Amino acid sequence: MDYRGSDTIAGPASADLLPDSATMAVKVVIVGGFGVGKTTLVGSVSEIRPLTTEETMTQAGAGVDDLAGIERKTSTTVAMDFGRISITDELVLYVFGTPGQERFWFLWNGLFEGALGAVVLVDTRRLEVSFDVIGRLEDRGVPFVVAVNTFPESPGYPTEELRAALDLDPEVPIVACDARTRESSKDVLLTLMRYLYGLSARAGR
Ligand SMILES: Nc1nc2c(ncn2[C@@H]2O[C@H](COP(=O)(O)OP(=O)(O)O)[C@@H](O)[C@H]2O)c(=O)[nH]1
Ligand SMILES: [Mg+2]
């Protein structure tokens with residue numbers, strides 16, 4: 001056999017390579033409670049094979065993670081999801097997903113470093129996880145939008161009711177999404193980008 005050493009090691013697929021035209025990379029974080037669809041969203045939107053670290057739920061989660069309504073879920077993300085999406089030829093988003101439960105907060109310090117903004121993914125069956133997440137983002141001064149992932153059994157609330165329940169500032173965008181759909185997930189990220197753009201335009205005035 002003609003063994004040619006490292007020449008035979010496959011490089012990244014060409015789709016994984018960043019186009020030469022990309023001049024701006026922005027880091028955003030998807031955060032939310034257990035089972036709200038973070039891994040699904042990063043997976044549906046990413047143009048590279050998403051990196052996901054999952055581990056079968058351990059005793060550490062027993063009694064801590066509220067499983068109401070999501071009994072079928074048997075694994076939970078312990079570290080993070082990672083994906084990439086090109087918004088335009090020049091602008092690339094690096095998308096990180098991370099759990100919102102308190103026992104994962106140690107991950108937040110590194111993950112939020114350099115992040116321009118965040119998406120809080122919400123399941124209306126379990127809004128209480130989002131309270132902590134939103135409070136922490138506000139403490140850190142990280143701008144965020146709220147995306148409501150639509151599960152069939154989740155109660156639907158009018159946007160303003162949700163805004164009141166989550167105690168959100170009037171300008172914080174709230175959008176509905178289906179994290180399984182690329183277009184919908186991309187819309188969420190575009191909403192965040194537009195919001196960040198608006199904030200920076202206002203700050204620059
Ligand atoms: N019906 C519906 N199911 C979803 C949606 N997003 C995620 N799921 C399902 O909900 C479960 C939890 O999603 P996952 O992405 O693992 O949640 P994570 O813990 O936030 O990463 C999975 O079984 C998904 O297939 C959605 O928009 N609609
Ligand atoms: Mg996950």
# chains A, B, ... in the order shown; residues from 1 in each chain; ligands from 1
>>> select_by_dssp(residues="region 10-189 of chain A", states="helix (DSSP H, G or I)", output="number ranges by chain")
A: 14-16, 38-45, 59-61, 102-112, 124-126, 128-140, 159-165, 182-189
>>> write_last_selection(atoms="C-alpha atoms", output="PDB file, in the first residue's frame")
ATOM      1  CA  SER A  14     -14.683  22.723   1.922  1.00  0.00           C
ATOM      2  CA  ALA A  15     -18.054  23.816   3.351  1.00  0.00           C
ATOM      3  CA  ASP A  16     -16.342  24.100   6.749  1.00  0.00           C
ATOM      4  CA  LYS A  38     -30.743  25.095  22.371  1.00  0.00           C
ATOM      5  CA  THR A  39     -28.986  22.121  20.778  1.00  0.00           C
ATOM      6  CA  THR A  40     -31.768  21.899  18.199  1.00  0.00           C
ATOM      7  CA  LEU A  41     -31.449  25.571  17.293  1.00  0.00           C
ATOM      8  CA  VAL A  42     -27.663  25.530  16.956  1.00  0.00           C
ATOM      9  CA  GLY A  43     -27.919  22.323  14.912  1.00  0.00           C
ATOM     10  CA  SER A  44     -30.604  23.620  12.567  1.00  0.00           C
ATOM     11  CA  VAL A  45     -28.881  26.922  11.893  1.00  0.00           C
ATOM     12  CA  GLN A  59     -27.968  11.967  39.566  1.00  0.00           C
ATOM     13  CA  ALA A  60     -26.623  15.498  39.770  1.00  0.00           C
ATOM     14  CA  GLY A  61     -29.648  16.542  37.766  1.00  0.00           C
ATOM     15  CA  GLU A 102     -27.440  27.447  38.192  1.00  0.00           C
ATOM     16  CA  ARG A 103     -25.079  24.487  38.421  1.00  0.00           C
ATOM     17  CA  PHE A 104     -23.698  25.372  34.964  1.00  0.00           C
ATOM     18  CA  TRP A 105     -23.075  29.021  35.673  1.00  0.00           C
ATOM     19  CA  PHE A 106     -19.338  28.404  36.051  1.00  0.00           C
ATOM     20  CA  LEU A 107     -19.309  27.960  32.264  1.00  0.00           C
ATOM     21  CA  TRP A 108     -20.717  31.369  31.624  1.00  0.00           C
ATOM     22  CA  ASN A 109     -17.592  33.390  32.402  1.00  0.00           C
ATOM     23  CA  GLY A 110     -15.552  31.981  29.550  1.00  0.00           C
ATOM     24  CA  LEU A 111     -18.443  31.575  27.184  1.00  0.00           C
ATOM     25  CA  PHE A 112     -19.661  35.146  27.402  1.00  0.00           C
ATOM     26  CA  THR A 124     -43.631  28.820  28.150  1.00  0.00           C
ATOM     27  CA  ARG A 125     -44.277  25.675  30.219  1.00  0.00           C
ATOM     28  CA  ARG A 126     -41.249  26.502  32.326  1.00  0.00           C
ATOM     29  CA  GLU A 128     -39.080  30.158  35.814  1.00  0.00           C
ATOM     30  CA  VAL A 129     -35.710  28.978  34.416  1.00  0.00           C
ATOM     31  CA  SER A 130     -35.680  32.077  32.250  1.00  0.00           C
ATOM     32  CA  PHE A 131     -35.997  34.431  35.240  1.00  0.00           C
ATOM     33  CA  ASP A 132     -32.517  33.483  36.495  1.00  0.00           C
ATOM     34  CA  VAL A 133     -31.009  33.556  33.015  1.00  0.00           C
ATOM     35  CA  ILE A 134     -32.421  36.983  32.217  1.00  0.00           C
ATOM     36  CA  GLY A 135     -31.321  38.355  35.580  1.00  0.00           C
ATOM     37  CA  ARG A 136     -27.788  37.158  34.989  1.00  0.00           C
ATOM     38  CA  LEU A 137     -27.641  38.639  31.501  1.00  0.00           C
ATOM     39  CA  GLU A 138     -28.896  41.958  32.844  1.00  0.00           C
ATOM     40  CA  ASP A 139     -26.247  41.868  35.608  1.00  0.00           C
ATOM     41  CA  ARG A 140     -23.571  41.275  33.009  1.00  0.00           C
ATOM     42  CA  THR A 159     -46.324  38.985  23.664  1.00  0.00           C
ATOM     43  CA  GLU A 160     -47.097  41.721  26.166  1.00  0.00           C
ATOM     44  CA  GLU A 161     -48.212  39.197  28.780  1.00  0.00           C
ATOM     45  CA  LEU A 162     -44.927  37.378  28.310  1.00  0.00           C
ATOM     46  CA  ARG A 163     -43.029  40.642  28.559  1.00  0.00           C
ATOM     47  CA  ALA A 164     -44.717  41.371  31.848  1.00  0.00           C
ATOM     48  CA  ALA A 165     -44.187  37.834  33.173  1.00  0.00           C
ATOM     49  CA  ARG A 182     -33.330  26.579   9.824  1.00  0.00           C
ATOM     50  CA  GLU A 183     -35.221  29.619   8.552  1.00  0.00           C
ATOM     51  CA  SER A 184     -36.926  30.199  11.879  1.00  0.00           C
ATOM     52  CA  SER A 185     -33.702  29.790  13.834  1.00  0.00           C
ATOM     53  CA  LYS A 186     -31.934  32.111  11.432  1.00  0.00           C
ATOM     54  CA  ASP A 187     -34.711  34.686  11.918  1.00  0.00           C
ATOM     55  CA  VAL A 188     -34.015  34.607  15.644  1.00  0.00           C
ATOM     56  CA  LEU A 189     -30.341  35.376  15.041  1.00  0.00           C
TER      57      LEU A 189
END
>>> residues_near_ligand(ligand="ligand 1", cutoff="10 Å", atoms="only C-alpha atoms and all ligand atoms", output="number ranges by chain")
A: 30-44, 52-54, 70-78, 80-81, 97-100, 121-123, 148-154, 176-181, 184-185
>>> select_by_dssp(residues="region 3-204 of chain A", states="strand (DSSP E or B)", output="PDB file with C-alpha atoms, in the first residue's frame")
ATOM      1  CA  MET A  24     -16.373  40.187  10.497  1.00  0.00           C
ATOM      2  CA  ALA A  25     -16.985  37.447  13.022  1.00  0.00           C
ATOM      3  CA  VAL A  26     -19.446  37.909  15.838  1.00  0.00           C
ATOM      4  CA  LYS A  27     -19.948  35.652  18.819  1.00  0.00           C
ATOM      5  CA  VAL A  28     -23.439  35.110  20.170  1.00  0.00           C
ATOM      6  CA  VAL A  29     -24.698  32.828  22.922  1.00  0.00           C
ATOM      7  CA  ILE A  30     -27.927  30.839  23.084  1.00  0.00           C
ATOM      8  CA  VAL A  31     -28.959  30.315  26.646  1.00  0.00           C
ATOM      9  CA  GLY A  32     -31.984  28.789  28.286  1.00  0.00           C
ATOM     10  CA  LEU A  51     -20.252  20.470  17.976  1.00  0.00           C
ATOM     11  CA  THR A  52     -22.406  19.288  20.827  1.00  0.00           C
ATOM     12  CA  THR A  53     -21.396  17.822  24.114  1.00  0.00           C
ATOM     13  CA  GLU A  54     -24.149  15.804  25.694  1.00  0.00           C
ATOM     14  CA  GLU A  55     -24.027  13.420  28.584  1.00  0.00           C
ATOM     15  CA  THR A  56     -26.689  11.082  29.899  1.00  0.00           C
ATOM     16  CA  SER A  75     -29.772  13.531  28.055  1.00  0.00           C
ATOM     17  CA  THR A  76     -28.827  17.080  28.823  1.00  0.00           C
ATOM     18  CA  THR A  77     -26.041  19.290  27.598  1.00  0.00           C
ATOM     19  CA  VAL A  78     -23.347  19.551  30.200  1.00  0.00           C
ATOM     20  CA  ALA A  79     -21.018  21.907  28.422  1.00  0.00           C
ATOM     21  CA  MET A  80     -22.076  23.608  25.227  1.00  0.00           C
ATOM     22  CA  ASP A  81     -23.139  23.598  21.622  1.00  0.00           C
ATOM     23  CA  PHE A  82     -21.172  25.314  18.913  1.00  0.00           C
ATOM     24  CA  GLY A  83     -22.071  26.212  15.339  1.00  0.00           C
ATOM     25  CA  ARG A  84     -21.408  28.763  12.644  1.00  0.00           C
ATOM     26  CA  ILE A  85     -23.614  30.639  10.214  1.00  0.00           C
ATOM     27  CA  SER A  86     -22.764  33.157   7.498  1.00  0.00           C
ATOM     28  CA  LEU A  91     -20.546  38.606   8.394  1.00  0.00           C
ATOM     29  CA  VAL A  92     -20.183  35.287  10.179  1.00  0.00           C
ATOM     30  CA  LEU A  93     -21.804  34.365  13.465  1.00  0.00           C
ATOM     31  CA  TYR A  94     -20.275  31.919  15.887  1.00  0.00           C
ATOM     32  CA  VAL A  95     -23.101  30.498  17.931  1.00  0.00           C
ATOM     33  CA  PHE A  96     -22.575  28.960  21.364  1.00  0.00           C
ATOM     34  CA  GLY A  97     -25.322  27.230  23.323  1.00  0.00           C
ATOM     35  CA  THR A  98     -25.077  26.863  27.056  1.00  0.00           C
ATOM     36  CA  PRO A  99     -27.347  25.634  29.838  1.00  0.00           C
ATOM     37  CA  ALA A 115     -19.976  37.787  23.082  1.00  0.00           C
ATOM     38  CA  LEU A 116     -21.923  40.662  21.554  1.00  0.00           C
ATOM     39  CA  GLY A 117     -25.319  39.412  22.553  1.00  0.00           C
ATOM     40  CA  ALA A 118     -27.495  36.501  23.541  1.00  0.00           C
ATOM     41  CA  VAL A 119     -30.700  34.722  22.703  1.00  0.00           C
ATOM     42  CA  VAL A 120     -32.773  33.567  25.663  1.00  0.00           C
ATOM     43  CA  LEU A 121     -34.655  30.529  24.446  1.00  0.00           C
ATOM     44  CA  VAL A 122     -37.879  30.093  26.380  1.00  0.00           C
ATOM     45  CA  PHE A 144     -30.419  39.817  24.514  1.00  0.00           C
ATOM     46  CA  VAL A 145     -33.580  38.944  22.630  1.00  0.00           C
ATOM     47  CA  VAL A 146     -36.147  36.412  23.799  1.00  0.00           C
ATOM     48  CA  ALA A 147     -37.144  33.563  21.473  1.00  0.00           C
ATOM     49  CA  VAL A 148     -40.168  31.498  22.437  1.00  0.00           C
ATOM     50  CA  ASN A 149     -39.745  27.968  21.159  1.00  0.00           C
ATOM     51  CA  ILE A 174     -39.656  38.817  21.686  1.00  0.00           C
ATOM     52  CA  VAL A 175     -40.036  36.407  18.774  1.00  0.00           C
ATOM     53  CA  ALA A 176     -41.671  33.027  18.338  1.00  0.00           C
ATOM     54  CA  CYS A 177     -39.589  30.322  16.730  1.00  0.00           C
TER      55      CYS A 177
END
>>> atom_distance(atom1="CA of Asp167 (chain A)", atom2="CA of Tyr195 (chain A)")
18.2 Å
>>> atom_distance(atom1="CA of Met193 (chain A)", atom2="CA of Pro50 (chain A)")
20.7 Å
>>> closest_residue(among="A:Pro155, A:Gln101, A:Leu190, A:Gly204", to="ligand 2", atoms="only C-alpha atoms and all ligand atoms")
A:Gln101
>>> atom_distance(atom1="CA of Ala203 (chain A)", atom2="CA of Ser21 (chain A)")
28.0 Å
